[in-house]
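Engineer: Input file: run-v6.csv. Contents: CSV, C-alpha atoms.
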chain,number,residue,atom,x,y,z
A,1,MET,CA,0.0,0.0,0.0
A,2,PRO,CA,1.2,3.5,-0.6
A,3,SER,CA,2.1,5.5,2.5
A,4,LEU,CA,0.3,8.6,3.9
A,5,ILE,CA,2.6,10.7,1.6
A,6,ALA,CA,0.9,9.5,-1.6
A,7,HIS,CA,-2.6,9.3,-0.2
A,8,CYS,CA,-2.6,12.7,1.4
A,9,GLY,CA,-0.8,14.2,-1.6
A,10,VAL,CA,-3.6,13.1,-3.9
A,11,GLY,CA,-6.1,14.3,-1.3
A,12,TYR,CA,-4.4,17.7,-1.4
A,13,ALA,CA,-4.5,17.7,-5.2
A,14,ILE,CA,-8.3,17.1,-5.2
A,15,TYR,CA,-8.8,19.9,-2.7
A,16,ARG,CA,-6.6,22.2,-4.7
A,17,TYR,CA,-8.4,21.6,-7.9
A,18,TYR,CA,-11.9,22.0,-6.5
A,19,LYS,CA,-11.0,24.8,-4.0
A,20,LYS,CA,-12.9,27.5,-5.9
A,21,LYS,CA,-16.1,25.3,-6.0
A,22,PHE,CA,-16.1,24.6,-2.2
A,23,PRO,CA,-18.5,26.8,-0.3
A,24,GLN,CA,-16.7,29.7,1.1
A,25,GLY,CA,-16.6,30.0,4.9
A,26,ARG,CA,-14.2,30.4,7.7
A,27,ARG,CA,-14.6,26.9,9.1
A,28,LYS,CA,-11.2,25.6,10.0
A,29,PHE,CA,-9.7,22.7,11.9
A,30,TRP,CA,-7.1,24.5,13.8
A,31,LYS,CA,-5.6,26.6,11.0
A,32,ILE,CA,-6.3,24.1,8.2
A,33,PRO,CA,-9.5,24.6,6.0
A,34,LEU,CA,-12.1,22.1,7.0
A,35,GLN,CA,-12.6,21.0,3.3
A,36,LEU,CA,-8.9,20.1,3.1
A,37,VAL,CA,-9.2,18.1,6.3
A,38,LEU,CA,-12.2,16.3,4.8
A,39,VAL,CA,-10.6,15.4,1.5
A,40,ALA,CA,-7.2,14.4,3.1
A,41,GLY,CA,-9.1,12.4,5.8
A,42,LEU,CA,-11.2,10.5,3.2
A,43,SER,CA,-8.0,9.9,1.2
A,44,ILE,CA,-6.5,7.9,4.1
A,45,LEU,CA,-9.7,6.6,5.8
A,46,PRO,CA,-9.6,3.1,4.2
A,47,ASP,CA,-6.3,2.5,6.0
A,48,LEU,CA,-7.8,2.7,9.4
A,49,ASP,CA,-8.0,-1.0,9.1
A,50,VAL,CA,-4.3,-1.1,10.0
A,51,ILE,CA,-5.2,-0.4,13.6
A,52,PRO,CA,-6.7,-3.8,14.3
A,53,ALA,CA,-4.0,-5.3,12.0
A,54,ILE,CA,-1.3,-3.9,14.2
A,55,ILE,CA,-3.1,-4.7,17.5
A,56,PHE,CA,-3.6,-8.3,16.5
A,57,ARG,CA,-0.4,-8.5,14.5
A,58,ASN,CA,-2.0,-9.9,11.4
A,59,MET,CA,-2.0,-7.6,8.3
A,60,LYS,CA,-3.4,-10.2,6.0
A,61,ALA,CA,-6.5,-10.7,8.1
A,62,TYR,CA,-7.4,-7.1,8.5
A,63,HIS,CA,-5.7,-4.8,6.0
A,64,ASN,CA,-6.9,-4.2,2.4
A,65,ASN,CA,-10.2,-6.0,2.9
A,66,ILE,CA,-13.7,-4.6,3.1
A,67,SER,CA,-12.6,-1.0,3.8
A,68,HIS,CA,-10.8,-1.1,0.5
A,69,SER,CA,-13.9,-1.6,-1.6
A,70,LEU,CA,-15.2,0.9,-4.2
A,71,LEU,CA,-18.7,-0.1,-3.1
A,72,PHE,CA,-18.0,0.4,0.6
A,73,ALA,CA,-17.1,4.0,-0.3
A,74,ILE,CA,-20.7,4.7,-1.3
A,75,PRO,CA,-22.3,4.6,2.2
A,76,VAL,CA,-19.2,6.4,3.6
A,77,ALA,CA,-19.6,9.2,1.0
A,78,LEU,CA,-23.4,9.4,1.6
A,79,LEU,CA,-22.8,9.9,5.3
A,80,VAL,CA,-19.9,12.4,5.1
A,81,ALA,CA,-21.6,14.3,2.3
A,82,GLY,CA,-24.7,14.6,4.4
A,83,VAL,CA,-22.7,16.1,7.3
A,84,PHE,CA,-20.9,18.6,5.1
A,85,HIS,CA,-24.1,19.5,3.2
A,86,ARG,CA,-25.6,20.4,6.6
A,87,ILE,CA,-22.5,22.3,7.8
A,88,TYR,CA,-22.1,24.4,4.7
A,89,ARG,CA,-25.8,24.4,3.6
A,90,SER,CA,-24.7,23.6,0.1
A,91,ASN,CA,-25.2,21.1,-2.7
A,92,PHE,CA,-25.3,17.5,-1.4
A,93,TRP,CA,-24.3,15.9,-4.7
A,94,PHE,CA,-21.2,18.1,-5.0
A,95,TRP,CA,-20.1,16.8,-1.5
A,96,PHE,CA,-21.0,13.2,-2.4
A,97,VAL,CA,-18.8,13.2,-5.6
A,98,ILE,CA,-15.9,14.8,-3.7
A,99,CYS,CA,-16.2,12.3,-0.9
A,100,LEU,CA,-16.6,9.3,-3.2
A,101,PHE,CA,-13.7,10.5,-5.4
A,102,SER,CA,-11.4,11.0,-2.5
A,103,TYR,CA,-12.1,7.6,-0.9
A,104,ASP,CA,-12.1,5.6,-4.2
A,105,LEU,CA,-8.8,7.0,-5.3
A,106,HIS,CA,-7.3,5.5,-2.2
A,107,VAL,CA,-8.6,2.1,-3.2
A,108,ILE,CA,-7.4,2.4,-6.8
A,109,MET,CA,-3.9,3.6,-5.7
A,110,ASP,CA,-3.6,0.5,-3.4
A,111,SER,CA,-4.5,-1.7,-6.3
A,112,LEU,CA,-1.5,-0.2,-8.1
A,113,THR,CA,0.9,-1.2,-5.4
A,114,ALA,CA,3.3,-4.2,-5.5
A,115,ASP,CA,1.1,-6.1,-3.0
A,116,ARG,CA,-1.6,-8.7,-2.8
A,117,GLY,CA,-4.3,-6.5,-4.1
A,118,VAL,CA,-7.5,-5.2,-2.6
A,119,MET,CA,-11.1,-6.5,-2.3
A,120,MET,CA,-12.2,-3.8,-4.7
A,121,PHE,CA,-15.7,-5.1,-5.4
A,122,TRP,CA,-16.7,-6.4,-2.0
A,123,PRO,CA,-19.5,-7.4,-1.1
A,124,LEU,CA,-20.1,-8.7,-4.6
A,125,THR,CA,-16.9,-10.7,-4.6
A,126,GLU,CA,-14.0,-11.3,-2.2
A,127,THR,CA,-11.6,-11.6,-5.2
A,128,ARG,CA,-8.6,-9.4,-4.8
A,129,VAL,CA,-7.8,-6.9,-7.6
A,130,ALA,CA,-4.1,-6.1,-8.2
A,131,SER,CA,-3.1,-4.2,-11.3
A,132,SER,CA,-0.4,-5.6,-13.4
A,133,VAL,CA,1.0,-2.1,-13.7
A,134,LYS,CA,2.7,-1.1,-10.4
A,135,ILE,CA,3.2,2.6,-9.7
A,136,PHE,CA,4.0,2.3,-6.0
A,137,TYR,CA,6.5,0.2,-4.1
A,138,GLY,CA,4.5,0.9,-1.0
A,139,LEU,CA,5.2,0.2,2.6
A,140,GLN,CA,6.4,-3.3,3.3
A,141,TRP,CA,5.2,-4.0,6.8
A,142,GLY,CA,7.1,-7.3,7.0
A,143,LEU,CA,10.4,-5.4,6.9
A,144,GLY,CA,9.7,-3.7,10.2
A,145,TRP,CA,9.2,-0.1,11.1
A,146,PHE,CA,12.7,1.2,10.3
A,147,SER,CA,13.7,-0.6,7.1
A,148,PRO,CA,15.9,1.3,4.7
A,149,TRP,CA,13.4,0.3,2.0
A,150,HIS,CA,11.0,2.8,3.5
A,151,LEU,CA,13.3,5.6,2.4
A,152,TRP,CA,12.7,4.4,-1.2
A,153,THR,CA,9.0,4.6,-0.6
A,154,VAL,CA,9.3,8.1,0.8
A,155,PHE,CA,11.4,9.2,-2.2
A,156,THR,CA,9.2,7.7,-4.9
A,157,GLU,CA,6.0,8.8,-3.4
A,158,SER,CA,7.2,12.3,-2.8
A,159,LEU,CA,8.2,12.5,-6.5
A,160,PHE,CA,4.8,11.1,-7.4
A,161,VAL,CA,3.0,13.8,-5.3
A,162,LEU,CA,5.2,16.5,-6.9
A,163,VAL,CA,4.2,15.4,-10.4
A,164,VAL,CA,0.5,15.2,-9.4
A,165,ILE,CA,0.5,18.7,-7.9
A,166,LEU,CA,2.3,20.1,-10.9
A,167,ALA,CA,-0.3,18.5,-13.2
A,168,VAL,CA,-3.1,19.9,-11.1
A,169,ASN,CA,-1.5,23.3,-11.2
A,170,TYR,CA,-1.3,23.1,-15.0
A,171,PHE,CA,-5.0,22.1,-15.3
A,172,ILE,CA,-6.0,24.9,-12.9
A,173,LYS,CA,-4.2,27.5,-15.0
A,174,ARG,CA,-5.8,26.1,-18.2
A,175,ARG,CA,-9.3,26.2,-16.6
A,176,ASP,CA,-8.8,29.7,-15.2
A,177,ARG,CA,-7.5,30.9,-18.6
A,178,SER,CA,-10.5,29.3,-20.3
A,179,GLU,CA,-13.0,30.9,-17.9
A,180,SER,CA,-11.3,34.2,-18.2
A,181,GLN,CA,-11.5,34.1,-22.0
A,182,GLY,CA,-15.1,33.0,-21.8
A,183,SER,CA,-16.0,36.0,-19.6
A,184,GLN,CA,-14.1,38.4,-21.9
A,185,GLU,CA,-16.0,37.1,-24.9
A,186,LYS,CA,-19.3,37.6,-23.1
A,187,GLN,CA,-18.3,41.1,-22.3
A,188,PHE,CA,-17.3,41.8,-25.8
A,189,ARG,CA,-20.6,40.5,-27.2
A,190,GLY,CA,-22.5,42.4,-24.5
A,191,ASP,CA,-24.0,39.2,-22.9
A,192,VAL,CA,-23.1,40.3,-19.4
Would you mind writing the structure in this file as structure tokens?
Structural biologist:
Amino acid sequence: MPSLIAHCGVGYAIYRYYKKKFPQGRRKFWKIPLQLVLVAGLSILPDLDVIPAIIFRNMKAYHNNISHSLLFAIPVALLVAGVFHRIYRSNFWFWFVICLFSYDLHVIMDSLTADRGVMMFWPLTETRVASSVKIFYGLQWGLGWFSPWHLWTVFTESLFVLVVILAVNYFIKRRDRSESQGSQEKQFRGDV
């Protein structure tokens, strides 16, 4: 599985891209915007299953199972979207899509790791899905907490996050430029 670096980095990229569409407000979690906490939190939420895995010392029995299902994400997204819809008094479906996207990207990223795969379509099937294309080396829990291989994970995932954020910045600039040109054309035609 990728580490928190990759998952939180993708969560940040989602937040950054949709930042203008989030309802405006001064709600913060300490000094961090609540929307960023939401997206980053949902990006790592499936990995809460490592808590019982560490307690009971059995990663295979607890990790990458039902919490790593694209379908399990639906009730989670419905619940969290309902809460944020009430907090911000804004569009429920916008929140639902953001929540589902943040959660499901975690599952997809884990399937792209050199690992045993994830139960992506649970409860329909317990078959594990692992992509033949591996993007992440991931954390290798069997090597212990302080393995030098974890440095490789930190390096490659930091590089991945950098590339993702650069790509998001590029698409934000393109979107903003397109929106700016569209409003200028409307002003020119007198549509405003």
Engineer: Please work out which residues fall within 12 Å of (1.7, -4.7, -4.1), coordinates as given in the file, with only C-alpha atoms counting, and return them as a PyMOL selection string.
Structural biologist: chain A and resi 1-2+64+108-118+128-141
Engineer: Which residue gives the smallest distance to Phe92 of chain A among A:Leu79, A:Ala73, A:Leu38, A:Met120, with all atoms listed in the file counted?
Structural biologist: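 So, comparing all the options, the nearest one is A:Leu79.
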Engineer: When distances are computed from only C-alpha atoms, which of A:Arg89, A:Arg177, A:Arg57, A:His106 shows the smallest separation from Leu4 of chain A?
Structural biologist: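 Among the listed residues, A:His106 lies closest to Leu4 of chain A.
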Engineer: Which one of A:Lys28, A:Ile14, A:Ile172, A:Gln184 sits closest to Leu100 of chain A if you count all atoms listed in the file?
Structural biologist: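 Closest to Leu100 of chain A, using all atoms listed in the file: A:Ile14.
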Engineer: Grab the atom CA of Phe22 of chain A to atom CA of Arg86 of chain A distance for me, in Å with one decimal place.
Structural biologist: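 Pair atom CA of Phe22 of chain A / atom CA of Arg86 of chain A returns 13.6 Å.
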Engineer: Name all residues at most 7 Å from Leu70 of chain A (count all atoms listed in the file; drop same-chain ones fewer than 2 positions away) and give them as a PyMOL selection string.
Structural biologist: chain A and resi 68+72-73+104+107+120-121
Engineer: Take the residues from that selection and put them in a file with C-alpha atoms, as an mmCIF file, keeping the file's coordinate frame.
Structural biologist:
data_model
loop_
_atom_site.group_PDB
_atom_site.id
_atom_site.type_symbol
_atom_site.label_atom_id
_atom_site.label_comp_id
_atom_site.auth_asym_id
_atom_site.auth_seq_id
_atom_site.Cartn_x
_atom_site.Cartn_y
_atom_site.Cartn_z
ATOM 1 C CA HIS A 68 -10.800 -1.100 0.500
ATOM 2 C CA PHE A 72 -18.000 0.400 0.600
ATOM 3 C CA ALA A 73 -17.100 4.000 -0.300
ATOM 4 C CA ASP A 104 -12.100 5.600 -4.200
ATOM 5 C CA VAL A 107 -8.600 2.100 -3.200
ATOM 6 C CA MET A 120 -12.200 -3.800 -4.700
ATOM 7 C CA PHE A 121 -15.700 -5.100 -5.400
#
Engineer: With distances taken over all atoms listed in the file, which residue among A:Phe146, A:Leu48, A:Cys8, A:Ala13 lies nearest Val164 of chain A?
Structural biologist: A:Ala13
Engineer: Could you tell me how far atom CA of Ala61 of chain A lies from atom CA of Asp47 of chain A, in Å and to one decimal?
Structural biologist: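 Going from atom CA of Ala61 of chain A over to atom CA of Asp47 of chain A covers 13.4 Å.
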Engineer: For atom CA of Arg16 of chain A and atom CA of Gln187 of chain A, quote the distance in Å rounded to one decimal.
Structural biologist: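 So the two atoms, atom CA of Arg16 of chain A and atom CA of Gln187 of chain A, lie 28.4 Å apart.
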Engineer: Pick the closest to Phe160 of chain A from A:Val37, A:Val10, A:Met119, A:Ala77: which is it, counting only C-alpha atoms?
Structural biologist: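 With only C-alpha atoms as the atom set, the closest residue is A:Val10.
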Engineer: Residues at most 9 Å from Pro123 of chain A, counting all atoms listed in the file, excluding those fewer than 6 positions away in the same chain, as a list in words?
Structural biologist: Ile66, Ser69, Leu71 and Phe72 of chain A
Engineer: Let me see the file: selected residues, C-alpha atoms, as a tab-separated table (two decimals), in the frame of the given file.
Structural biologist:
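Written out: part37.tsv:
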chain	number	residue	atom	x	y	z
A	66	ILE	CA	-13.70	-4.60	3.10
A	69	SER	CA	-13.90	-1.60	-1.60
A	71	LEU	CA	-18.70	-0.10	-3.10
A	72	PHE	CA	-18.00	0.40	0.60
Engineer: Find the residue from A:Leu159, A:Leu124, A:Val168, A:Ala81 that sits nearest to Gln35 of chain A; use only C-alpha atoms when measuring.
Structural biologist: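 For Gln35 of chain A, the nearest of the candidates is A:Ala81.
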